[in-house]
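Below is one structure, written out as structure tokens, with a few remarks after it.
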Amino acid sequence: MPLSPGRGLLGLSLVLASVCAALKSAAQGNSATDALNVLLIVVDDLRPTLGCYEDKLVRSPNIDQLASRSILFQNAFAQQAVCAPSRVSFLTGRRPDTTRLYDFNSYWRVHAGNFSTIPQYFKENGYVTMSVGKVFHPGISSNHSDDSPYSWSIPPYHPSSEKYENTKEFQKLYPLENITLAPDPQVPAGLPPVAYNPWMDIRQREDVQALNVSVPYGPIPADFQRKIRQSYFASVSYLDTQVGHLLSALDDLHLASSTIIAFTSDHGWSLGEHGEWAKYSNFDVTTRVPLMFYVPGRTALLPEAGEKLFPYIDPFDSISELMEPGRQAEEVVELVSLFPTLAGLAGLQVPPRCPVPSFHVELCREGQNLLKHFQLPDLEEDSDLRGNPRTTKLFFSATAPFYIPSSSG
């Protein structure tokens with residue numbers, strides 16, 4: 001069913017009460033000698049259209065604030081610009097060639113191998129693992145269960161999102177007259193048809209059908225392009241407010257000094273570049289994603305007593321200052337590196353590299369360990385840091401479904 005004009009989906013706000021309850025539970029069990037909590041925020045369809053990635057138009061002060069206290073990877077890429085393959089890939093630490101998933105129609109434990117996941121590994125090492133919203137892609141690709149009970153200590157929670165699907169207020173931040181078109185809107189000359197995504201999912205919308213755009217390359221009219229881009233930018237700012245509320249809750253519960261925060265997306269999104277819209281292509285705009293890690297005492301100083309690391313910032317506040325990212329890494333990295341990096345940052349033994357082939361190996365990783373960027377000893381080589389038992393802590397995955405429609409005004 002086509003979305004009504006001006007609507008954008010964003011699920012993070014729906015679960016803030018649940019997030020805060022889970023964080024409160026973590027706070028009650030936290031002590032100075034406990035293992036670090038891990039908060040993984042996975043956004044759907046978010047390309048690096050953020051202030052911390054030098055976008056001059058989009059207002060994202062809360063995510064920028066997180067970036068200012070994090071290490072930010074400028075060139076991070078998903079394995080595939082499709083939700084299910086990407087999420088299964090980075091949650092297992094294996095590429096789609098290994099998970100044998102390029103679409104939405106198989107469950108890796110049945111069709112590839114009984115591969116461990118990030119939350120499963122943390123759970124097996126004493127963490128309480130919780131999922132709210134879209135972490136695994138729902139349906140066949142996660143066995144219609146979000147990979148429960150393997151990955152989660154309690155059943156994943158999927159709140160209703162209908163009443164929150166409106167970002168029209170945030171469109172005021174982006175008057176249409178200020179919206180520019182993609183700088184490279186033409187389909188590349190000589191592009192093989194197999195390399196082009198004709199954005200058929202977008203064409204199914206009633207408002208797009210009314211445009212009578214020719215298939216496969218017919219361009220969307222410029223005024224309608226501006227409305228699509230306006231709605232996407234508005235949804236980014238709405239997302240930013242919800243991330244701001246979530247991180248502010250960490251401060252309020254005195255968890256900012258004991259929680260690793262990882263922020264990323266499952267893939268990017270085309271907004272007219274190369275004549276493309278949505279995902280499903282291999283251009284940078286659909287495969288490049290934001291990626292940042294906040295590690296208490298590593299990427300930022302621990303907060304003083306009474307100090308808030310993540311005070312909420314209103315994107316409508318015209319006097320809010322643009323914050324520079326913290327440390328930045330320029331090298332190309334992949335989302336399959338999430339697994340070994342989070343394990344290492346939390347003090348767990350980093351899974352070994354996968355052999356070739358690895359279908360028979362339950363626990364291994366195909367991504368690089370990014371710990372060198374945090375100036376931490378590599379846990380694969382430091383035996384003193386291996387094998388320490390984990391106290392039971394919260395590993396909480398929050399997610400923001402992020403589908404961007406056009407707007408009628």
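For the structure tokens, the naming scheme is as follows: chains receive sequential letters (A, B, ...) according to their order of presentation, residues are indexed from 1 within each chain, and ligands are indexed from 1 in presentation order.
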
Contacts of Gln209 of chain A within 12 Å, only C-alpha atoms, excl. fewer than 6 positions in-chain, as a PDB file with C-alpha atoms, in the first residue's frame:
```pdb
ATOM      1  CA  PRO A   2       1.564   3.319  -1.016  1.00  0.00           C
ATOM      2  CA  MET A 200      10.683  -0.576  -9.245  1.00  0.00           C
ATOM      3  CA  ASP A 201       9.695  -0.376  -5.574  1.00  0.00           C
ATOM      4  CA  ILE A 202       9.508   3.412  -5.861  1.00  0.00           C
ATOM      5  CA  ARG A 203       7.546   3.174  -9.107  1.00  0.00           C
ATOM      6  CA  VAL A 215      10.874   2.503 -17.640  1.00  0.00           C
ATOM      7  CA  ILE A 220      11.608  11.993 -12.263  1.00  0.00           C
TER       8      ILE A 220
END
```

Strand (DSSP E) residues, from DSSP on the backbone, in segment 212-378 of chain A, as a PDB file with all heavy atoms, in the first residue's frame:
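Final output, saved to result-v5.pdb:
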```pdb
ATOM      1  N   THR A 259      29.405   2.472  28.804  1.00  0.00           N
ATOM      2  CA  THR A 259      28.701   1.912  27.647  1.00  0.00           C
ATOM      3  C   THR A 259      29.429   2.245  26.354  1.00  0.00           C
ATOM      4  O   THR A 259      29.662   3.417  26.041  1.00  0.00           O
ATOM      5  CB  THR A 259      27.256   2.437  27.569  1.00  0.00           C
ATOM      6  OG1 THR A 259      26.558   2.103  28.768  1.00  0.00           O
ATOM      7  CG2 THR A 259      26.518   1.845  26.377  1.00  0.00           C
ATOM      8  N   ILE A 260      29.798   1.218  25.608  1.00  0.00           N
ATOM      9  CA  ILE A 260      30.283   1.393  24.240  1.00  0.00           C
ATOM     10  C   ILE A 260      29.075   1.670  23.356  1.00  0.00           C
ATOM     11  O   ILE A 260      28.046   1.018  23.474  1.00  0.00           O
ATOM     12  CB  ILE A 260      30.998   0.121  23.748  1.00  0.00           C
ATOM     13  CG1 ILE A 260      32.242  -0.168  24.594  1.00  0.00           C
ATOM     14  CG2 ILE A 260      31.368   0.226  22.270  1.00  0.00           C
ATOM     15  CD1 ILE A 260      32.795  -1.567  24.381  1.00  0.00           C
ATOM     16  N   ILE A 261      29.191   2.649  22.462  1.00  0.00           N
ATOM     17  CA  ILE A 261      28.110   2.963  21.524  1.00  0.00           C
ATOM     18  C   ILE A 261      28.652   2.798  20.110  1.00  0.00           C
ATOM     19  O   ILE A 261      29.667   3.397  19.749  1.00  0.00           O
ATOM     20  CB  ILE A 261      27.585   4.398  21.704  1.00  0.00           C
ATOM     21  CG1 ILE A 261      27.122   4.628  23.148  1.00  0.00           C
ATOM     22  CG2 ILE A 261      26.431   4.671  20.727  1.00  0.00           C
ATOM     23  CD1 ILE A 261      26.818   6.103  23.460  1.00  0.00           C
ATOM     24  N   ALA A 262      27.982   1.983  19.322  1.00  0.00           N
ATOM     25  CA  ALA A 262      28.301   1.862  17.898  1.00  0.00           C
ATOM     26  C   ALA A 262      27.092   2.340  17.107  1.00  0.00           C
ATOM     27  O   ALA A 262      25.955   1.975  17.427  1.00  0.00           O
ATOM     28  CB  ALA A 262      28.638   0.430  17.537  1.00  0.00           C
ATOM     29  N   PHE A 263      27.329   3.153  16.097  1.00  0.00           N
ATOM     30  CA  PHE A 263      26.256   3.725  15.273  1.00  0.00           C
ATOM     31  C   PHE A 263      26.575   3.453  13.818  1.00  0.00           C
ATOM     32  O   PHE A 263      27.672   3.778  13.335  1.00  0.00           O
ATOM     33  CB  PHE A 263      26.163   5.236  15.516  1.00  0.00           C
ATOM     34  CG  PHE A 263      25.113   5.943  14.693  1.00  0.00           C
ATOM     35  CD1 PHE A 263      23.837   6.156  15.201  1.00  0.00           C
ATOM     36  CD2 PHE A 263      25.389   6.400  13.414  1.00  0.00           C
ATOM     37  CE1 PHE A 263      22.863   6.811  14.453  1.00  0.00           C
ATOM     38  CE2 PHE A 263      24.427   7.046  12.650  1.00  0.00           C
ATOM     39  CZ  PHE A 263      23.161   7.253  13.175  1.00  0.00           C
ATOM     40  N   THR A 264      25.607   2.866  13.103  1.00  0.00           N
ATOM     41  CA  THR A 264      25.824   2.597  11.684  1.00  0.00           C
ATOM     42  C   THR A 264      24.488   2.436  10.983  1.00  0.00           C
ATOM     43  O   THR A 264      23.429   2.667  11.560  1.00  0.00           O
ATOM     44  CB  THR A 264      26.713   1.344  11.489  1.00  0.00           C
ATOM     45  OG1 THR A 264      27.133   1.273  10.128  1.00  0.00           O
ATOM     46  CG2 THR A 264      25.980   0.074  11.871  1.00  0.00           C
ATOM     47  N   SER A 265      24.533   2.033   9.723  1.00  0.00           N
ATOM     48  CA  SER A 265      23.347   1.794   8.903  1.00  0.00           C
ATOM     49  C   SER A 265      23.561   0.508   8.113  1.00  0.00           C
ATOM     50  O   SER A 265      24.696   0.063   7.929  1.00  0.00           O
ATOM     51  CB  SER A 265      23.121   2.966   7.951  1.00  0.00           C
ATOM     52  OG  SER A 265      22.120   2.677   6.997  1.00  0.00           O
ATOM     53  N   SER A 270      20.036   6.069  -2.700  1.00  0.00           N
ATOM     54  CA  SER A 270      20.212   6.990  -3.824  1.00  0.00           C
ATOM     55  C   SER A 270      19.118   8.058  -3.804  1.00  0.00           C
ATOM     56  O   SER A 270      17.946   7.741  -3.600  1.00  0.00           O
ATOM     57  CB  SER A 270      20.151   6.230  -5.154  1.00  0.00           C
ATOM     58  OG  SER A 270      21.263   5.394  -5.319  1.00  0.00           O
ATOM     59  N   LEU A 271      19.512   9.278  -4.047  1.00  0.00           N
ATOM     60  CA  LEU A 271      18.581  10.407  -4.113  1.00  0.00           C
ATOM     61  C   LEU A 271      18.730  11.135  -5.446  1.00  0.00           C
ATOM     62  O   LEU A 271      18.807  12.352  -5.506  1.00  0.00           O
ATOM     63  CB  LEU A 271      18.813  11.373  -2.944  1.00  0.00           C
ATOM     64  CG  LEU A 271      18.424  10.856  -1.562  1.00  0.00           C
ATOM     65  CD1 LEU A 271      18.871  11.825  -0.473  1.00  0.00           C
ATOM     66  CD2 LEU A 271      16.918  10.619  -1.474  1.00  0.00           C
ATOM     67  N   TRP A 277      17.262   5.862  -7.675  1.00  0.00           N
ATOM     68  CA  TRP A 277      16.537   6.164  -6.441  1.00  0.00           C
ATOM     69  C   TRP A 277      16.492   4.890  -5.606  1.00  0.00           C
ATOM     70  O   TRP A 277      16.504   3.790  -6.130  1.00  0.00           O
ATOM     71  CB  TRP A 277      15.126   6.665  -6.753  1.00  0.00           C
ATOM     72  CG  TRP A 277      15.151   7.944  -7.529  1.00  0.00           C
ATOM     73  CD1 TRP A 277      15.155   8.085  -8.894  1.00  0.00           C
ATOM     74  CD2 TRP A 277      15.244   9.263  -6.996  1.00  0.00           C
ATOM     75  NE1 TRP A 277      15.234   9.405  -9.246  1.00  0.00           N
ATOM     76  CE2 TRP A 277      15.291  10.161  -8.106  1.00  0.00           C
ATOM     77  CE3 TRP A 277      15.288   9.784  -5.715  1.00  0.00           C
ATOM     78  CZ2 TRP A 277      15.368  11.538  -7.940  1.00  0.00           C
ATOM     79  CZ3 TRP A 277      15.368  11.153  -5.542  1.00  0.00           C
ATOM     80  CH2 TRP A 277      15.405  12.022  -6.640  1.00  0.00           C
ATOM     81  N   ALA A 278      16.441   5.052  -4.300  1.00  0.00           N
ATOM     82  CA  ALA A 278      16.371   3.937  -3.354  1.00  0.00           C
ATOM     83  C   ALA A 278      17.714   3.207  -3.269  1.00  0.00           C
ATOM     84  O   ALA A 278      18.767   3.843  -3.287  1.00  0.00           O
ATOM     85  CB  ALA A 278      15.213   2.993  -3.696  1.00  0.00           C
ATOM     86  N   ARG A 288      27.873   2.987   0.805  1.00  0.00           N
ATOM     87  CA  ARG A 288      28.627   3.688   1.849  1.00  0.00           C
ATOM     88  C   ARG A 288      27.693   4.035   3.005  1.00  0.00           C
ATOM     89  O   ARG A 288      26.552   4.464   2.793  1.00  0.00           O
ATOM     90  CB  ARG A 288      29.272   4.951   1.285  1.00  0.00           C
ATOM     91  CG  ARG A 288      30.147   5.706   2.286  1.00  0.00           C
ATOM     92  CD  ARG A 288      30.919   6.815   1.608  1.00  0.00           C
ATOM     93  NE  ARG A 288      31.592   7.678   2.572  1.00  0.00           N
ATOM     94  CZ  ARG A 288      31.372   8.976   2.718  1.00  0.00           C
ATOM     95  NH1 ARG A 288      30.502   9.607   1.910  1.00  0.00           N
ATOM     96  NH2 ARG A 288      32.012   9.678   3.623  1.00  0.00           N
ATOM     97  N   VAL A 289      28.179   3.837   4.226  1.00  0.00           N
ATOM     98  CA  VAL A 289      27.352   4.032   5.412  1.00  0.00           C
ATOM     99  C   VAL A 289      28.117   4.828   6.466  1.00  0.00           C
ATOM    100  O   VAL A 289      29.347   4.853   6.464  1.00  0.00           O
ATOM    101  CB  VAL A 289      26.935   2.671   6.021  1.00  0.00           C
ATOM    102  CG1 VAL A 289      26.038   1.901   5.067  1.00  0.00           C
ATOM    103  CG2 VAL A 289      28.153   1.843   6.426  1.00  0.00           C
ATOM    104  N   LEU A 291      29.654   5.154  10.132  1.00  0.00           N
ATOM    105  CA  LEU A 291      30.151   4.198  11.119  1.00  0.00           C
ATOM    106  C   LEU A 291      30.976   4.948  12.143  1.00  0.00           C
ATOM    107  O   LEU A 291      31.949   5.626  11.789  1.00  0.00           O
ATOM    108  CB  LEU A 291      30.997   3.108  10.449  1.00  0.00           C
ATOM    109  CG  LEU A 291      31.601   2.059  11.398  1.00  0.00           C
ATOM    110  CD1 LEU A 291      30.513   1.246  12.085  1.00  0.00           C
ATOM    111  CD2 LEU A 291      32.568   1.142  10.641  1.00  0.00           C
ATOM    112  N   MET A 292      30.571   4.850  13.398  1.00  0.00           N
ATOM    113  CA  MET A 292      31.327   5.499  14.471  1.00  0.00           C
ATOM    114  C   MET A 292      31.214   4.669  15.742  1.00  0.00           C
ATOM    115  O   MET A 292      30.231   3.945  15.955  1.00  0.00           O
ATOM    116  CB  MET A 292      30.840   6.931  14.705  1.00  0.00           C
ATOM    117  CG  MET A 292      29.406   7.056  15.150  1.00  0.00           C
ATOM    118  SD  MET A 292      28.805   8.781  15.130  1.00  0.00           S
ATOM    119  CE  MET A 292      28.485   9.037  13.375  1.00  0.00           C
ATOM    120  N   PHE A 293      32.254   4.755  16.579  1.00  0.00           N
ATOM    121  CA  PHE A 293      32.300   4.046  17.847  1.00  0.00           C
ATOM    122  C   PHE A 293      32.687   5.024  18.954  1.00  0.00           C
ATOM    123  O   PHE A 293      33.714   5.702  18.856  1.00  0.00           O
ATOM    124  CB  PHE A 293      33.355   2.935  17.834  1.00  0.00           C
ATOM    125  CG  PHE A 293      33.122   1.842  16.835  1.00  0.00           C
ATOM    126  CD1 PHE A 293      33.566   1.972  15.520  1.00  0.00           C
ATOM    127  CD2 PHE A 293      32.503   0.662  17.210  1.00  0.00           C
ATOM    128  CE1 PHE A 293      33.386   0.947  14.608  1.00  0.00           C
ATOM    129  CE2 PHE A 293      32.315  -0.371  16.294  1.00  0.00           C
ATOM    130  CZ  PHE A 293      32.755  -0.225  14.989  1.00  0.00           C
ATOM    131  N   TYR A 294      31.874   5.066  19.988  1.00  0.00           N
ATOM    132  CA  TYR A 294      32.239   5.782  21.216  1.00  0.00           C
ATOM    133  C   TYR A 294      32.676   4.744  22.241  1.00  0.00           C
ATOM    134  O   TYR A 294      31.951   3.774  22.508  1.00  0.00           O
ATOM    135  CB  TYR A 294      31.044   6.578  21.754  1.00  0.00           C
ATOM    136  CG  TYR A 294      31.166   6.940  23.223  1.00  0.00           C
ATOM    137  CD1 TYR A 294      32.016   7.963  23.648  1.00  0.00           C
ATOM    138  CD2 TYR A 294      30.439   6.248  24.184  1.00  0.00           C
ATOM    139  CE1 TYR A 294      32.139   8.284  24.986  1.00  0.00           C
ATOM    140  CE2 TYR A 294      30.552   6.558  25.532  1.00  0.00           C
ATOM    141  CZ  TYR A 294      31.400   7.578  25.930  1.00  0.00           C
ATOM    142  OH  TYR A 294      31.521   7.878  27.268  1.00  0.00           O
ATOM    143  N   ARG A 327      38.139  11.678  16.499  1.00  0.00           N
ATOM    144  CA  ARG A 327      39.157  11.103  15.622  1.00  0.00           C
ATOM    145  C   ARG A 327      38.492  10.535  14.375  1.00  0.00           C
ATOM    146  O   ARG A 327      37.374  10.045  14.423  1.00  0.00           O
ATOM    147  CB  ARG A 327      39.910  10.021  16.372  1.00  0.00           C
ATOM    148  CG  ARG A 327      40.717  10.574  17.527  1.00  0.00           C
ATOM    149  CD  ARG A 327      41.151   9.469  18.464  1.00  0.00           C
ATOM    150  NE  ARG A 327      41.862   8.410  17.759  1.00  0.00           N
ATOM    151  CZ  ARG A 327      42.087   7.210  18.291  1.00  0.00           C
ATOM    152  NH1 ARG A 327      41.632   6.918  19.490  1.00  0.00           N
ATOM    153  NH2 ARG A 327      42.757   6.295  17.606  1.00  0.00           N
ATOM    154  N   GLN A 328      39.194  10.616  13.250  1.00  0.00           N
ATOM    155  CA  GLN A 328      38.652  10.123  11.994  1.00  0.00           C
ATOM    156  C   GLN A 328      39.629   9.140  11.355  1.00  0.00           C
ATOM    157  O   GLN A 328      40.840   9.301  11.457  1.00  0.00           O
ATOM    158  CB  GLN A 328      38.385  11.278  11.032  1.00  0.00           C
ATOM    159  CG  GLN A 328      37.363  12.280  11.543  1.00  0.00           C
ATOM    160  CD  GLN A 328      37.015  13.316  10.486  1.00  0.00           C
ATOM    161  OE1 GLN A 328      36.610  12.987   9.380  1.00  0.00           O
ATOM    162  NE2 GLN A 328      37.171  14.577  10.835  1.00  0.00           N
ATOM    163  N   ALA A 329      39.065   8.136  10.724  1.00  0.00           N
ATOM    164  CA  ALA A 329      39.862   7.161   9.981  1.00  0.00           C
ATOM    165  C   ALA A 329      39.444   7.225   8.523  1.00  0.00           C
ATOM    166  O   ALA A 329      38.250   7.182   8.212  1.00  0.00           O
ATOM    167  CB  ALA A 329      39.656   5.762  10.539  1.00  0.00           C
ATOM    168  N   GLU A 330      40.405   7.331   7.635  1.00  0.00           N
ATOM    169  CA  GLU A 330      40.124   7.500   6.211  1.00  0.00           C
ATOM    170  C   GLU A 330      40.142   6.190   5.426  1.00  0.00           C
ATOM    171  O   GLU A 330      39.605   6.125   4.328  1.00  0.00           O
ATOM    172  CB  GLU A 330      41.146   8.468   5.588  1.00  0.00           C
ATOM    173  CG  GLU A 330      41.119   9.869   6.168  1.00  0.00           C
ATOM    174  CD  GLU A 330      39.877  10.648   5.758  1.00  0.00           C
ATOM    175  OE1 GLU A 330      39.233  10.264   4.765  1.00  0.00           O
ATOM    176  OE2 GLU A 330      39.554  11.633   6.439  1.00  0.00           O
ATOM    177  N   GLU A 331      40.733   5.154   5.962  1.00  0.00           N
ATOM    178  CA  GLU A 331      40.874   3.927   5.188  1.00  0.00           C
ATOM    179  C   GLU A 331      39.512   3.269   4.953  1.00  0.00           C
ATOM    180  O   GLU A 331      38.557   3.474   5.700  1.00  0.00           O
ATOM    181  CB  GLU A 331      41.808   2.956   5.896  1.00  0.00           C
ATOM    182  CG  GLU A 331      41.242   2.327   7.155  1.00  0.00           C
ATOM    183  CD  GLU A 331      42.227   1.356   7.785  1.00  0.00           C
ATOM    184  OE1 GLU A 331      43.267   1.815   8.298  1.00  0.00           O
ATOM    185  OE2 GLU A 331      41.950   0.147   7.753  1.00  0.00           O
ATOM    186  N   VAL A 332      39.442   2.498   3.887  1.00  0.00           N
ATOM    187  CA  VAL A 332      38.209   1.789   3.560  1.00  0.00           C
ATOM    188  C   VAL A 332      38.018   0.634   4.537  1.00  0.00           C
ATOM    189  O   VAL A 332      38.931  -0.173   4.757  1.00  0.00           O
ATOM    190  CB  VAL A 332      38.256   1.259   2.116  1.00  0.00           C
ATOM    191  CG1 VAL A 332      37.021   0.406   1.821  1.00  0.00           C
ATOM    192  CG2 VAL A 332      38.334   2.419   1.128  1.00  0.00           C
ATOM    193  N   VAL A 333      36.826   0.578   5.145  1.00  0.00           N
ATOM    194  CA  VAL A 333      36.486  -0.514   6.060  1.00  0.00           C
ATOM    195  C   VAL A 333      35.120  -1.072   5.676  1.00  0.00           C
ATOM    196  O   VAL A 333      34.362  -0.448   4.934  1.00  0.00           O
ATOM    197  CB  VAL A 333      36.491  -0.057   7.535  1.00  0.00           C
ATOM    198  CG1 VAL A 333      37.867   0.439   7.937  1.00  0.00           C
ATOM    199  CG2 VAL A 333      35.434   1.012   7.783  1.00  0.00           C
ATOM    200  N   GLU A 334      34.813  -2.251   6.196  1.00  0.00           N
ATOM    201  CA  GLU A 334      33.574  -2.942   5.857  1.00  0.00           C
ATOM    202  C   GLU A 334      32.769  -3.222   7.124  1.00  0.00           C
ATOM    203  O   GLU A 334      33.328  -3.350   8.219  1.00  0.00           O
ATOM    204  CB  GLU A 334      33.880  -4.273   5.179  1.00  0.00           C
ATOM    205  CG  GLU A 334      34.801  -4.200   3.978  1.00  0.00           C
ATOM    206  CD  GLU A 334      35.254  -5.589   3.568  1.00  0.00           C
ATOM    207  OE1 GLU A 334      36.198  -6.112   4.186  1.00  0.00           O
ATOM    208  OE2 GLU A 334      34.650  -6.145   2.627  1.00  0.00           O
TER     209      GLU A 334
END
```

Legend entry - Selected residue, from A:Gln349, A:Gln204, A:Ser60, A:Gln120, that lies nearest to Val236 of chain A when counting only C-alpha atoms: A:Ser60

Could you build a table of the residues in segment 128-218 of chain A lying no more than 10 Å from segment 37-52 of chain A, giving for each the nearest pair of atoms and their separation in Å rounded to one decimal place, using only C-alpha atoms, ordered by chain and ascending residue number, as CSV?
```
residue,atom,partner,partner_atom,distance
A:Val128,CA,A:Asn37,CA,9.5
A:Thr129,CA,A:Val38,CA,9.4
A:Met130,CA,A:Leu39,CA,9.9
A:Ser131,CA,A:Leu40,CA,9.6
A:Gly133,CA,A:Val42,CA,9.6
A:Lys134,CA,A:Val42,CA,8.1
A:Val135,CA,A:Val42,CA,6.9
A:Phe136,CA,A:Val42,CA,9.9
```

Inset, instruction - Could you give me, as a PyMOL selection string, each residue of segment 133-374 of chain A that DSSP assigns to alpha helix (DSSP H) when run on this structure's backbone? - result: chain A and resi 200-203+206-209+222-252+284-287+338-345

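Neighbouring residues of Ser281 of chain A at 12 Å or closer, counting only C-alpha atoms and skipping chain neighbours under 3 positions away, are Ala78, Gln79, Gln80, Ala81, Val82, Pro193, Val194, Ala195, Tyr196, Asn197, Pro198, Trp199, His267, Gly268, Trp269, Ser270, Glu273, His274, Gly275, Glu276, Trp277, Ala278, Asp284, Val285, Thr286, Thr287 and Arg288 of chain A.
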
Residues of segment 306-330 of chain A at most 12 Å from segment 170-175 of chain A: nearest atom pair and distance in Å, only C-alpha atoms, as CSV:
```
residue,atom,partner,partner_atom,distance
A:Asp314,CA,A:Phe170,CA,11.4
A:Pro315,CA,A:Leu173,CA,8.5
A:Phe316,CA,A:Leu173,CA,7.2
A:Asp317,CA,A:Leu173,CA,10.4
A:Ser318,CA,A:Leu173,CA,10.1
```

Atoms to include: N, CA, C and O atoms. Write the selected residues as a compact mmCIF listing (two decimals), in the first residue's frame.
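Writing the result to selection_1.txt gives the following:
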```
# COMPACT_ATOMS: atom_id res chain seq x y z
N ASP A 314 18.32 20.40 20.25
CA ASP A 314 17.17 20.57 19.36
C ASP A 314 17.65 20.99 17.97
O ASP A 314 18.30 22.03 17.84
N PRO A 315 17.36 20.19 16.93
CA PRO A 315 17.82 20.60 15.58
C PRO A 315 17.17 21.87 15.08
O PRO A 315 17.67 22.49 14.14
N PHE A 316 16.07 22.31 15.72
CA PHE A 316 15.44 23.57 15.34
C PHE A 316 16.14 24.77 15.99
O PHE A 316 15.82 25.91 15.67
N ASP A 317 17.08 24.50 16.88
CA ASP A 317 17.81 25.58 17.54
C ASP A 317 18.81 26.16 16.54
O ASP A 317 19.81 25.53 16.19
N SER A 318 18.56 27.37 16.10
CA SER A 318 19.38 27.97 15.04
C SER A 318 20.78 28.33 15.52
O SER A 318 21.66 28.59 14.70
```

Legend entry - Computed interatomic separation between atom CA of Trp108 of chain A and atom CA of Ser141 of chain A (Å):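 Interatomic distance, atom CA of Trp108 of chain A to atom CA of Ser141 of chain A: 7.1 Å.
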
Inset, instruction - Go through A:Phe233, A:Ile71, A:Pro149, A:Pro156 one by one, measure the shortest atom-to-atom distance of each to Arg298 of chain A using only C-alpha atoms, and give the residue with the smallest value. - result: A:Ile71

Inset, instruction - Show which residues sit within 12 Å of Gly297 of chain A, as a list of chain:residue names. Count only C-alpha atoms, and ignore same-chain residues fewer than 6 positions away. - result: A:Leu36, A:Arg69, A:Ser70, A:Ala256, A:Ser257, A:Ser258, A:Thr259, A:Ile260, A:Pro303, A:Glu304, A:Leu309, A:Leu345, A:Phe374, A:Gln375, A:Leu376

Inset, instruction - Give me, please, the distance in Å between atom CA of Pro138 of chain A and atom CA of His158 of chain A, quoted to one decimal. - result: 10.0 Å

Inset, instruction - With a distance cut-off of 12 Å and only C-alpha atoms, select the neighbouring residues of Ser142 of chain A, excluding the residue or stretch itself and same-chain residues fewer than 4 positions from it, and output the selection as a PyMOL selection string. - result: chain A and resi 83-85+87-89+91-92+99+101+104-111+117+134-138+146-151+156

Legend entry - Atomic distance atom CA of Gly93 of chain A - atom CA of Asp266 of chain A, expressed in Å with one decimal: 13.3 Å
